[in-house]
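Quick look at my_file_24.tsv (TSV, C-alpha atoms):
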chain	number	residue	atom	x	y	z
A	1	MET	CA	0.00	0.00	0.00
A	2	ASP	CA	1.17	3.52	-0.66
A	3	ALA	CA	1.30	6.19	2.04
A	4	ALA	CA	-1.95	7.84	0.94
A	5	ALA	CA	-3.95	4.60	1.17
A	6	ILE	CA	-2.38	3.80	4.56
A	7	ASP	CA	-3.38	7.22	5.87
A	8	LYS	CA	-6.96	6.90	4.59
A	9	ALA	CA	-7.40	3.51	6.23
A	10	ALA	CA	-5.78	4.61	9.49
A	11	THR	CA	-7.93	7.74	9.66
A	12	ALA	CA	-11.16	5.81	9.02
A	13	ILE	CA	-10.37	3.25	11.73
A	14	ALA	CA	-9.27	5.91	14.24
A	15	GLU	CA	-12.40	8.01	13.68
A	16	ASN	CA	-14.54	4.91	14.20
A	17	ARG	CA	-12.90	4.24	17.57
A	18	LEU	CA	-12.94	7.84	18.73
A	19	ASN	CA	-16.59	8.34	17.73
A	20	ARG	CA	-17.69	5.00	19.24
A	21	THR	CA	-19.38	3.92	16.03
A	22	LYS	CA	-19.41	0.60	14.17
A	23	LEU	CA	-17.18	0.06	11.17
A	24	ASP	CA	-18.32	-1.59	7.95
A	25	MET	CA	-15.81	-3.00	5.51
A	26	LEU	CA	-13.18	-0.47	4.52
A	27	SER	CA	-13.30	0.78	0.96
A	28	ALA	CA	-11.48	-1.54	-1.44
A	29	GLU	CA	-9.12	1.28	-2.41
A	30	TYR	CA	-7.55	1.33	1.04
A	31	ARG	CA	-8.48	-2.01	2.63
A	32	PRO	CA	-5.35	-3.93	3.78
A	33	ALA	CA	-4.67	-6.93	1.59
A	34	ASP	CA	-2.45	-8.76	4.07
A	35	LEU	CA	-0.87	-8.51	7.51
A	36	ASN	CA	2.04	-6.42	6.25
A	37	ASP	CA	-0.45	-3.79	5.09
A	38	ALA	CA	-2.37	-4.22	8.35
A	39	TYR	CA	0.58	-3.43	10.59
A	40	SER	CA	1.59	-0.47	8.43
A	41	ILE	CA	-1.92	0.93	8.90
A	42	GLN	CA	-1.84	0.10	12.62
A	43	GLU	CA	1.37	2.09	13.09
A	44	ARG	CA	-0.15	5.16	11.42
A	45	HIS	CA	-3.49	4.61	13.18
A	46	ASN	CA	-1.79	4.63	16.59
A	47	VAL	CA	0.00	7.88	15.86
A	48	ILE	CA	-3.40	9.43	15.11
A	49	LEU	CA	-4.91	8.01	18.32
A	50	SER	CA	-1.99	9.30	20.42
A	51	ARG	CA	-2.39	12.78	18.99
A	52	SER	CA	-6.16	12.62	19.54
A	53	GLY	CA	-5.86	12.25	23.31
A	54	LEU	CA	-5.33	8.54	24.01
A	55	GLY	CA	-1.80	9.30	25.19
A	56	LYS	CA	1.45	7.37	25.05
A	57	ARG	CA	1.75	3.81	23.83
A	58	VAL	CA	2.86	1.91	26.93
A	59	GLY	CA	2.26	-1.73	26.08
A	60	TYR	CA	1.17	-4.42	23.67
A	61	LYS	CA	-1.60	-6.97	23.52
A	62	ILE	CA	-1.27	-10.27	21.69
A	63	GLY	CA	-4.43	-11.92	20.45
A	64	CYS	CA	-5.24	-15.44	19.28
A	65	THR	CA	-2.37	-17.15	21.09
A	66	THR	CA	-4.58	-19.92	22.51
A	67	PRO	CA	-6.51	-22.72	20.79
A	68	VAL	CA	-9.78	-21.55	22.34
A	69	MET	CA	-9.35	-18.04	20.89
A	70	GLN	CA	-8.12	-19.27	17.50
A	71	GLU	CA	-11.16	-21.52	17.23
A	72	TYR	CA	-13.48	-18.78	18.47
A	73	MET	CA	-12.17	-16.22	15.97
A	74	ASN	CA	-11.37	-18.75	13.20
A	75	ILE	CA	-7.92	-17.16	13.00
A	76	HIS	CA	-4.93	-19.46	13.22
A	77	GLU	CA	-2.02	-17.18	13.98
A	78	PRO	CA	-1.38	-14.59	16.69
A	79	SER	CA	-1.83	-10.87	16.10
A	80	PHE	CA	-0.70	-7.86	18.13
A	81	GLY	CA	-1.83	-4.35	18.91
A	82	GLU	CA	-0.71	-1.47	21.13
A	83	VAL	CA	-2.17	-0.13	24.38
A	84	PHE	CA	-2.33	3.54	25.46
A	85	ASP	CA	-1.60	4.90	28.92
A	86	THR	CA	-5.07	6.45	29.31
A	87	ALA	CA	-6.54	2.94	28.92
A	88	VAL	CA	-4.53	1.19	31.66
A	89	HIS	CA	-6.13	0.50	35.05
A	90	GLN	CA	-4.79	-1.11	38.22
A	91	ASP	CA	-6.38	-3.93	40.26
A	92	HIS	CA	-10.05	-2.92	39.89
A	93	VAL	CA	-11.98	-0.47	37.77
A	94	ASP	CA	-15.64	0.53	37.50
A	95	LEU	CA	-16.49	1.28	33.89
A	96	THR	CA	-19.59	2.81	32.32
A	97	PHE	CA	-21.08	0.27	29.94
A	98	THR	CA	-22.51	2.88	27.57
A	99	ASN	CA	-19.04	4.34	26.98
A	100	TYR	CA	-18.14	1.23	24.97
A	101	VAL	CA	-19.19	-0.37	21.71
A	102	ASN	CA	-20.08	-4.01	22.44
A	103	PRO	CA	-17.45	-4.53	25.18
A	104	GLY	CA	-15.97	-7.87	26.16
A	105	ILE	CA	-13.31	-9.22	28.50
A	106	GLU	CA	-10.36	-11.53	28.01
A	107	THR	CA	-8.40	-12.97	30.94
A	108	GLU	CA	-4.65	-13.10	30.62
A	109	ILE	CA	-1.11	-13.17	31.97
A	110	ALA	CA	1.08	-10.13	31.32
A	111	VAL	CA	4.77	-9.31	31.66
A	112	TRP	CA	6.60	-6.06	32.38
A	113	LEU	CA	9.93	-5.61	30.60
A	114	ALA	CA	13.03	-4.55	32.52
A	115	SER	CA	15.28	-4.28	29.46
A	116	ASP	CA	15.09	-3.70	25.71
A	117	MET	CA	14.79	-6.62	23.30
A	118	PRO	CA	16.65	-5.47	20.16
A	119	ALA	CA	17.01	-7.48	16.98
A	120	ALA	CA	20.72	-7.96	17.70
A	121	ASP	CA	19.84	-10.19	20.66
A	122	GLY	CA	17.43	-12.35	18.65
A	123	PRO	CA	16.02	-14.55	17.45
A	124	TYR	CA	14.02	-14.78	20.64
A	125	THR	CA	12.87	-18.00	22.27
A	126	ARG	CA	10.85	-18.98	25.31
A	127	ASP	CA	14.09	-19.36	27.25
A	128	ASN	CA	16.02	-16.21	26.36
A	129	VAL	CA	13.10	-13.79	26.74
A	130	ARG	CA	13.27	-14.48	30.47
A	131	ASN	CA	16.32	-12.21	30.64
A	132	ALA	CA	14.20	-9.16	29.77
A	133	ILE	CA	11.26	-9.81	32.11
A	134	GLY	CA	11.18	-7.71	35.25
A	135	ALA	CA	7.78	-8.82	36.55
A	136	VAL	CA	4.76	-10.95	35.74
A	137	MET	CA	1.18	-9.75	36.33
A	138	ILE	CA	-2.35	-11.03	36.11
A	139	SER	CA	-4.40	-9.05	33.59
A	140	ILE	CA	-7.80	-8.51	32.01
A	141	GLU	CA	-8.09	-7.00	28.57
A	142	ILE	CA	-11.18	-5.01	27.65
A	143	VAL	CA	-11.99	-5.51	23.98
A	144	GLU	CA	-14.62	-3.95	21.74
A	145	ALA	CA	-16.31	-5.29	18.61
A	146	ARG	CA	-16.26	-1.91	16.86
A	147	TYR	CA	-17.74	-3.40	13.67
A	148	ARG	CA	-21.11	-4.08	12.09
A	149	ASN	CA	-20.23	-7.77	11.95
A	150	TYR	CA	-16.78	-8.78	13.16
A	151	ARG	CA	-17.43	-12.37	12.05
A	152	LYS	CA	-17.42	-11.19	8.44
A	153	LEU	CA	-14.70	-8.55	8.78
A	154	ASP	CA	-11.35	-9.39	7.24
A	155	THR	CA	-8.53	-10.21	9.65
A	156	PRO	CA	-6.12	-7.51	8.34
A	157	THR	CA	-8.64	-4.77	9.15
A	158	MET	CA	-9.06	-6.11	12.70
A	159	VAL	CA	-5.27	-6.19	13.10
A	160	ALA	CA	-5.00	-2.61	11.83
A	161	ASP	CA	-7.47	-1.71	14.62
A	162	ASN	CA	-5.21	-3.12	17.36
A	163	PHE	CA	-7.17	-6.38	17.24
A	164	PHE	CA	-10.14	-5.26	19.34
A	165	ASN	CA	-8.14	-3.67	22.20
A	166	THR	CA	-9.64	-0.79	24.16
A	167	ALA	CA	-8.25	-1.09	27.73
A	168	VAL	CA	-6.25	-3.26	30.15
A	169	ILE	CA	-6.45	-3.95	33.89
A	170	LEU	CA	-3.18	-5.05	35.47
A	171	GLY	CA	-2.54	-6.66	38.83
A	172	ASP	CA	0.38	-5.86	41.09
A	173	PRO	CA	3.76	-6.68	39.51
A	174	VAL	CA	5.26	-9.92	40.86
A	175	PRO	CA	9.06	-9.63	40.57
A	176	ASN	CA	9.81	-13.05	42.12
A	177	TRP	CA	8.10	-14.98	39.32
A	178	HIS	CA	11.16	-17.11	38.53
A	179	LYS	CA	10.07	-20.04	40.71
A	180	MET	CA	6.53	-20.05	39.35
A	181	ASP	CA	5.41	-22.63	36.80
A	182	LEU	CA	3.47	-20.25	34.56
A	183	ALA	CA	2.45	-23.03	32.19
A	184	ALA	CA	0.66	-24.71	35.11
A	185	ALA	CA	-0.77	-21.44	36.49
A	186	GLU	CA	-4.56	-21.64	36.36
A	187	GLY	CA	-6.77	-18.63	35.92
A	188	THR	CA	-10.22	-18.73	37.51
A	189	ILE	CA	-12.78	-16.32	36.12
A	190	LEU	CA	-16.01	-15.40	37.92
A	191	LEU	CA	-18.96	-13.61	36.36
A	192	ASN	CA	-21.17	-11.99	38.98
A	193	GLY	CA	-19.79	-14.39	41.59
A	194	LYS	CA	-20.35	-17.55	39.53
A	195	LEU	CA	-17.73	-19.57	37.67
A	196	LEU	CA	-17.36	-18.41	34.07
A	197	GLY	CA	-14.33	-20.51	33.20
A	198	THR	CA	-10.80	-21.62	33.97
A	199	GLY	CA	-7.66	-21.88	31.87
A	200	LEU	CA	-4.01	-22.86	32.23
A	201	GLY	CA	-1.05	-20.76	31.15
A	202	SER	CA	0.04	-23.64	28.91
A	203	LEU	CA	-2.87	-22.79	26.60
A	204	ILE	CA	-0.85	-19.76	25.52
A	205	MET	CA	1.30	-21.36	22.79
A	206	GLY	CA	2.43	-24.07	25.22
A	207	HIS	CA	3.92	-21.49	27.59
A	208	PRO	CA	3.16	-17.76	28.02
A	209	PHE	CA	6.74	-16.81	27.17
A	210	GLU	CA	6.34	-18.33	23.69
A	211	ALA	CA	3.92	-15.51	22.94
A	212	LEU	CA	6.42	-12.92	24.14
A	213	ALA	CA	9.11	-14.43	21.93
A	214	TRP	CA	6.71	-14.40	18.98
A	215	LEU	CA	6.00	-10.68	19.46
A	216	ALA	CA	9.66	-9.78	19.92
A	217	ASN	CA	10.55	-11.50	16.65
A	218	ARG	CA	7.63	-10.00	14.70
A	219	LEU	CA	8.55	-6.49	15.83
A	220	CYS	CA	12.18	-7.00	14.86
A	221	GLU	CA	11.01	-8.04	11.38
A	222	ARG	CA	9.39	-4.61	11.14
A	223	SER	CA	12.57	-2.79	12.30
A	224	ARG	CA	11.02	-2.22	15.72
A	225	HIS	CA	11.68	-3.80	19.09
A	226	LEU	CA	10.21	-4.28	22.55
A	227	GLU	CA	11.37	-1.60	24.95
A	228	ALA	CA	12.13	-1.57	28.66
A	229	GLY	CA	9.28	-0.23	30.76
A	230	LYS	CA	6.51	-1.53	28.53
A	231	PHE	CA	4.16	-4.40	29.29
A	232	VAL	CA	2.74	-7.16	27.12
A	233	THR	CA	-0.50	-9.08	27.66
A	234	LEU	CA	0.02	-12.56	26.28
A	235	GLY	CA	-3.41	-13.91	25.30
A	236	SER	CA	-6.68	-15.02	26.86
A	237	VAL	CA	-7.05	-18.40	28.56
A	238	ILE	CA	-10.82	-18.40	27.91
A	239	ALA	CA	-12.90	-17.29	24.94
A	240	THR	CA	-13.96	-13.65	24.89
A	241	HIS	CA	-16.96	-12.97	27.11
A	242	TRP	CA	-19.16	-10.16	25.77
A	243	VAL	CA	-20.44	-8.34	28.84
A	244	SER	CA	-23.84	-6.90	29.74
A	245	GLN	CA	-24.54	-3.79	31.75
A	246	GLY	CA	-24.24	-4.64	35.46
A	247	ASP	CA	-21.69	-7.42	34.99
A	248	CYS	CA	-18.72	-7.83	37.33
A	249	ILE	CA	-15.80	-10.05	36.29
A	250	GLU	CA	-13.10	-11.30	38.65
A	251	HIS	CA	-9.91	-13.01	37.51
A	252	SER	CA	-7.50	-14.75	39.91
A	253	ILE	CA	-4.32	-16.80	39.53
A	254	PRO	CA	-2.49	-18.32	42.53
A	255	GLY	CA	0.76	-16.41	43.05
A	256	LEU	CA	-0.33	-13.51	40.85
A	257	GLY	CA	-3.36	-12.32	42.80
A	258	SER	CA	-6.79	-11.12	41.72
A	259	ILE	CA	-8.20	-8.27	39.65
A	260	SER	CA	-11.70	-7.25	38.65
A	261	VAL	CA	-13.83	-4.98	36.49
A	262	SER	CA	-17.47	-3.97	36.66
A	263	PHE	CA	-19.71	-2.37	34.04
A	264	ALA	CA	-22.31	-0.02	35.51
For the structure just supplied, provide its representation as structure tokens.
Amino acid sequence: MDAAAIDKAATAIAENRLNRTKLDMLSAEYRPADLNDAYSIQERHNVILSRSGLGKRVGYKIGCTTPVMQEYMNIHEPSFGEVFDTAVHQDHVDLTFTNYVNPGIETEIAVWLASDMPAADGPYTRDNVRNAIGAVMISIEIVEARYRNYRKLDTPTMVADNFFNTAVILGDPVPNWHKMDLAAAEGTILLNGKLLGTGLGSLIMGHPFEALAWLANRLCERSRHLEAGKFVTLGSVIATHWVSQGDCIEHSIPGLGSISVSFA
């Protein structure tokens, strides 16, 4: 795609998010044909969102890293997006349901990076990414289906739109994660006090750190890299739950604590 088409697509997607409307298919003249186009649009899109008041980009989300999410979305490879500082919450947050377009929750494990992950230190693997991790956290991602019909929307357009991301809730950083078996860590998710689902960390590409390695390598392919001080949410251990007004969701993992979100 040329720069003009990238800018048109990025502007259309950004205006849809900022205006809390629902996107139809992008015009064929600037619809991304593949994931390379999608990430080029995403990069421009996120510049527009930053300048429009969403703030600094402080983290990444990775989607479709688990079999349950790949089956749910009928997408068979991970995708990533960026998260803005105005959309990050700690421990618990009360949100207004009507401020969102078809909101949902995904329950995850996240990492905070203590050092950069440049291409020169790659390729990255599950084992060597450990050197960059300063802390592990429990997390909930708030997603939005900002589309007329996301089931029919092409994957590159969803990727260009940060793959549904709208906000993140993070638990307290756990710096002494080294002795934890994160593959065996089990998330328990409650909806209004009743069990919604459970999921092991091993669902995330066999081990949560596989997802981090995947992202580090994909960014390096685009002449970018993961930076110290940023966080990454690594993928949901249950299928997306689309919330209703009045819902409260709690997510807990032994050793990582509990977090929650309610929609008034």
Report task. Extract, using only C-alpha atoms, all DNA, RNA and protein residues at most 10 Å from Leu113 in chain A, discarding same-chain residues fewer than 3 positions from it, and format them as a list of chain:residue names. Result ->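 Skipping anything fewer than 3 positions along the chain leaves A:Gly59, A:Ala110, A:Asp116, A:Met117, A:Val129, A:Arg130, A:Asn131, A:Ala132, A:Ile133, A:Gly134, A:Ala135, A:Val136, A:Leu226, A:Glu227, A:Ala228, A:Gly229, A:Lys230, A:Phe231, A:Val232.
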Requested in this report: Using only C-alpha atoms, determine which residues lie at most 12 Å from Lys8 in chain A, disregarding the query and same-chain residues fewer than 2 positions distant; provide the list as a PyMOL selection string.
Outcome: chain A and resi 1-6+10-15+26-32+40-42+44-45+48
Query raised in the report: So, counting only C-alpha atoms, which residue among A:Ile138, A:Ile259, A:Leu195, A:Leu35 is closest to Ser236 in chain A?
Result: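 Ranking A:Ile138, A:Ile259, A:Leu195, A:Leu35 by distance to Ser236 in chain A, first place goes to A:Ile138.
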Report task. Find the residues near range 167-169 of chain A: any atom within 12 Å, counting all atoms listed in the file, skip ones fewer than 4 places away on the same chain, and give them as a PyMOL selection string. Result -> chain A and resi 54+57-61+81-95+100+103-110+137-144+162-163+173+231-234+249-251+258-262
So that I have them on file, write out the residues from the current selection with C-alpha atoms, as a PDB file, keeping the file's coordinate frame.
ATOM      1  CA  LEU A  54      -5.330   8.540  24.010  1.00  0.00           C
ATOM      2  CA  ARG A  57       1.750   3.810  23.830  1.00  0.00           C
ATOM      3  CA  VAL A  58       2.860   1.910  26.930  1.00  0.00           C
ATOM      4  CA  GLY A  59       2.260  -1.730  26.080  1.00  0.00           C
ATOM      5  CA  TYR A  60       1.170  -4.420  23.670  1.00  0.00           C
ATOM      6  CA  LYS A  61      -1.600  -6.970  23.520  1.00  0.00           C
ATOM      7  CA  GLY A  81      -1.830  -4.350  18.910  1.00  0.00           C
ATOM      8  CA  GLU A  82      -0.710  -1.470  21.130  1.00  0.00           C
ATOM      9  CA  VAL A  83      -2.170  -0.130  24.380  1.00  0.00           C
ATOM     10  CA  PHE A  84      -2.330   3.540  25.460  1.00  0.00           C
ATOM     11  CA  ASP A  85      -1.600   4.900  28.920  1.00  0.00           C
ATOM     12  CA  THR A  86      -5.070   6.450  29.310  1.00  0.00           C
ATOM     13  CA  ALA A  87      -6.540   2.940  28.920  1.00  0.00           C
ATOM     14  CA  VAL A  88      -4.530   1.190  31.660  1.00  0.00           C
ATOM     15  CA  HIS A  89      -6.130   0.500  35.050  1.00  0.00           C
ATOM     16  CA  GLN A  90      -4.790  -1.110  38.220  1.00  0.00           C
ATOM     17  CA  ASP A  91      -6.380  -3.930  40.260  1.00  0.00           C
ATOM     18  CA  HIS A  92     -10.050  -2.920  39.890  1.00  0.00           C
ATOM     19  CA  VAL A  93     -11.980  -0.470  37.770  1.00  0.00           C
ATOM     20  CA  ASP A  94     -15.640   0.530  37.500  1.00  0.00           C
ATOM     21  CA  LEU A  95     -16.490   1.280  33.890  1.00  0.00           C
ATOM     22  CA  TYR A 100     -18.140   1.230  24.970  1.00  0.00           C
ATOM     23  CA  PRO A 103     -17.450  -4.530  25.180  1.00  0.00           C
ATOM     24  CA  GLY A 104     -15.970  -7.870  26.160  1.00  0.00           C
ATOM     25  CA  ILE A 105     -13.310  -9.220  28.500  1.00  0.00           C
ATOM     26  CA  GLU A 106     -10.360 -11.530  28.010  1.00  0.00           C
ATOM     27  CA  THR A 107      -8.400 -12.970  30.940  1.00  0.00           C
ATOM     28  CA  GLU A 108      -4.650 -13.100  30.620  1.00  0.00           C
ATOM     29  CA  ILE A 109      -1.110 -13.170  31.970  1.00  0.00           C
ATOM     30  CA  ALA A 110       1.080 -10.130  31.320  1.00  0.00           C
ATOM     31  CA  MET A 137       1.180  -9.750  36.330  1.00  0.00           C
ATOM     32  CA  ILE A 138      -2.350 -11.030  36.110  1.00  0.00           C
ATOM     33  CA  SER A 139      -4.400  -9.050  33.590  1.00  0.00           C
ATOM     34  CA  ILE A 140      -7.800  -8.510  32.010  1.00  0.00           C
ATOM     35  CA  GLU A 141      -8.090  -7.000  28.570  1.00  0.00           C
ATOM     36  CA  ILE A 142     -11.180  -5.010  27.650  1.00  0.00           C
ATOM     37  CA  VAL A 143     -11.990  -5.510  23.980  1.00  0.00           C
ATOM     38  CA  GLU A 144     -14.620  -3.950  21.740  1.00  0.00           C
ATOM     39  CA  ASN A 162      -5.210  -3.120  17.360  1.00  0.00           C
ATOM     40  CA  PHE A 163      -7.170  -6.380  17.240  1.00  0.00           C
ATOM     41  CA  PRO A 173       3.760  -6.680  39.510  1.00  0.00           C
ATOM     42  CA  PHE A 231       4.160  -4.400  29.290  1.00  0.00           C
ATOM     43  CA  VAL A 232       2.740  -7.160  27.120  1.00  0.00           C
ATOM     44  CA  THR A 233      -0.500  -9.080  27.660  1.00  0.00           C
ATOM     45  CA  LEU A 234       0.020 -12.560  26.280  1.00  0.00           C
ATOM     46  CA  ILE A 249     -15.800 -10.050  36.290  1.00  0.00           C
ATOM     47  CA  GLU A 250     -13.100 -11.300  38.650  1.00  0.00           C
ATOM     48  CA  HIS A 251      -9.910 -13.010  37.510  1.00  0.00           C
ATOM     49  CA  SER A 258      -6.790 -11.120  41.720  1.00  0.00           C
ATOM     50  CA  ILE A 259      -8.200  -8.270  39.650  1.00  0.00           C
ATOM     51  CA  SER A 260     -11.700  -7.250  38.650  1.00  0.00           C
ATOM     52  CA  VAL A 261     -13.830  -4.980  36.490  1.00  0.00           C
ATOM     53  CA  SER A 262     -17.470  -3.970  36.660  1.00  0.00           C
TER      54      SER A 262
END
Requested in this report: Just give me the gap between CA of Thr157 in chain A and CA of Met25 in chain A in Å, one decimal is fine.
Outcome: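 Pair CA of Thr157 in chain A / CA of Met25 in chain A returns 8.2 Å.
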**Report entry** Atomic distance CA of Ala184 in chain A - CA of Met73 in chain A, expressed in Å with one decimal
**Finding:** 24.6 Å
Kindly add N, CA and C atoms to the incomplete range 138-160 of chain A and provide the output as a PDB file, keeping the file's coordinate frame.
ATOM      1  N   ILE A 138      -1.055 -10.597  36.595  1.00  0.00           N
ATOM      2  CA  ILE A 138      -2.350 -11.030  36.110  1.00  0.00           C
ATOM      3  C   ILE A 138      -2.977  -9.859  35.359  1.00  0.00           C
ATOM      4  N   SER A 139      -3.816 -10.145  34.360  1.00  0.00           N
ATOM      5  CA  SER A 139      -4.400  -9.050  33.590  1.00  0.00           C
ATOM      6  C   SER A 139      -5.768  -9.422  33.036  1.00  0.00           C
ATOM      7  N   ILE A 140      -6.546  -8.401  32.768  1.00  0.00           N
ATOM      8  CA  ILE A 140      -7.800  -8.510  32.010  1.00  0.00           C
ATOM      9  C   ILE A 140      -7.696  -7.502  30.875  1.00  0.00           C
ATOM     10  N   GLU A 141      -8.017  -7.937  29.686  1.00  0.00           N
ATOM     11  CA  GLU A 141      -8.090  -7.000  28.570  1.00  0.00           C
ATOM     12  C   GLU A 141      -9.566  -6.704  28.284  1.00  0.00           C
ATOM     13  N   ILE A 142      -9.862  -5.420  28.117  1.00  0.00           N
ATOM     14  CA  ILE A 142     -11.180  -5.010  27.650  1.00  0.00           C
ATOM     15  C   ILE A 142     -11.092  -4.862  26.130  1.00  0.00           C
ATOM     16  N   VAL A 143     -11.952  -5.580  25.439  1.00  0.00           N
ATOM     17  CA  VAL A 143     -11.990  -5.510  23.980  1.00  0.00           C
ATOM     18  C   VAL A 143     -13.331  -4.925  23.552  1.00  0.00           C
ATOM     19  N   GLU A 144     -13.382  -4.469  22.310  1.00  0.00           N
ATOM     20  CA  GLU A 144     -14.620  -3.950  21.740  1.00  0.00           C
ATOM     21  C   GLU A 144     -14.784  -4.498  20.324  1.00  0.00           C
ATOM     22  N   ALA A 145     -15.985  -4.942  20.002  1.00  0.00           N
ATOM     23  CA  ALA A 145     -16.310  -5.290  18.610  1.00  0.00           C
ATOM     24  C   ALA A 145     -16.836  -4.020  17.948  1.00  0.00           C
ATOM     25  N   ARG A 146     -15.908  -3.223  17.430  1.00  0.00           N
ATOM     26  CA  ARG A 146     -16.260  -1.910  16.860  1.00  0.00           C
ATOM     27  C   ARG A 146     -16.651  -2.054  15.385  1.00  0.00           C
ATOM     28  N   TYR A 147     -17.445  -3.073  15.064  1.00  0.00           N
ATOM     29  CA  TYR A 147     -17.740  -3.400  13.670  1.00  0.00           C
ATOM     30  C   TYR A 147     -19.203  -3.812  13.533  1.00  0.00           C
ATOM     31  N   ARG A 148     -19.743  -3.638  12.340  1.00  0.00           N
ATOM     32  CA  ARG A 148     -21.110  -4.080  12.090  1.00  0.00           C
ATOM     33  C   ARG A 148     -21.227  -5.592  12.289  1.00  0.00           C
ATOM     34  N   ASN A 149     -20.228  -6.321  11.787  1.00  0.00           N
ATOM     35  CA  ASN A 149     -20.230  -7.770  11.950  1.00  0.00           C
ATOM     36  C   ASN A 149     -18.794  -8.259  11.931  1.00  0.00           C
ATOM     37  N   TYR A 150     -18.192  -8.411  13.126  1.00  0.00           N
ATOM     38  CA  TYR A 150     -16.780  -8.780  13.160  1.00  0.00           C
ATOM     39  C   TYR A 150     -16.541 -10.181  12.628  1.00  0.00           C
ATOM     40  N   ARG A 151     -17.585 -11.023  12.595  1.00  0.00           N
ATOM     41  CA  ARG A 151     -17.430 -12.370  12.050  1.00  0.00           C
ATOM     42  C   ARG A 151     -17.157 -12.339  10.544  1.00  0.00           C
ATOM     43  N   LYS A 152     -17.614 -11.294   9.889  1.00  0.00           N
ATOM     44  CA  LYS A 152     -17.420 -11.190   8.440  1.00  0.00           C
ATOM     45  C   LYS A 152     -16.295 -10.235   8.081  1.00  0.00           C
ATOM     46  N   LEU A 153     -15.766  -9.513   9.061  1.00  0.00           N
ATOM     47  CA  LEU A 153     -14.700  -8.550   8.780  1.00  0.00           C
ATOM     48  C   LEU A 153     -13.399  -9.277   8.506  1.00  0.00           C
ATOM     49  N   ASP A 154     -12.623  -8.760   7.565  1.00  0.00           N
ATOM     50  CA  ASP A 154     -11.350  -9.390   7.240  1.00  0.00           C
ATOM     51  C   ASP A 154     -10.350  -9.212   8.383  1.00  0.00           C
ATOM     52  N   THR A 155      -9.515 -10.224   8.570  1.00  0.00           N
ATOM     53  CA  THR A 155      -8.530 -10.210   9.650  1.00  0.00           C
ATOM     54  C   THR A 155      -7.572  -9.023   9.561  1.00  0.00           C
ATOM     55  N   PRO A 156      -7.021  -8.667   8.372  1.00  0.00           N
ATOM     56  CA  PRO A 156      -6.120  -7.510   8.340  1.00  0.00           C
ATOM     57  C   PRO A 156      -6.733  -6.218   8.858  1.00  0.00           C
ATOM     58  N   THR A 157      -8.019  -5.989   8.621  1.00  0.00           N
ATOM     59  CA  THR A 157      -8.640  -4.770   9.150  1.00  0.00           C
ATOM     60  C   THR A 157      -8.708  -4.819  10.668  1.00  0.00           C
ATOM     61  N   MET A 158      -9.035  -5.986  11.235  1.00  0.00           N
ATOM     62  CA  MET A 158      -9.060  -6.110  12.700  1.00  0.00           C
ATOM     63  C   MET A 158      -7.671  -5.875  13.285  1.00  0.00           C
ATOM     64  N   VAL A 159      -6.636  -6.395  12.625  1.00  0.00           N
ATOM     65  CA  VAL A 159      -5.270  -6.190  13.100  1.00  0.00           C
ATOM     66  C   VAL A 159      -4.905  -4.715  13.029  1.00  0.00           C
ATOM     67  N   ALA A 160      -5.288  -4.047  11.955  1.00  0.00           N
ATOM     68  CA  ALA A 160      -5.000  -2.610  11.830  1.00  0.00           C
ATOM     69  C   ALA A 160      -5.643  -1.829  12.965  1.00  0.00           C
TER      70      ALA A 160
END
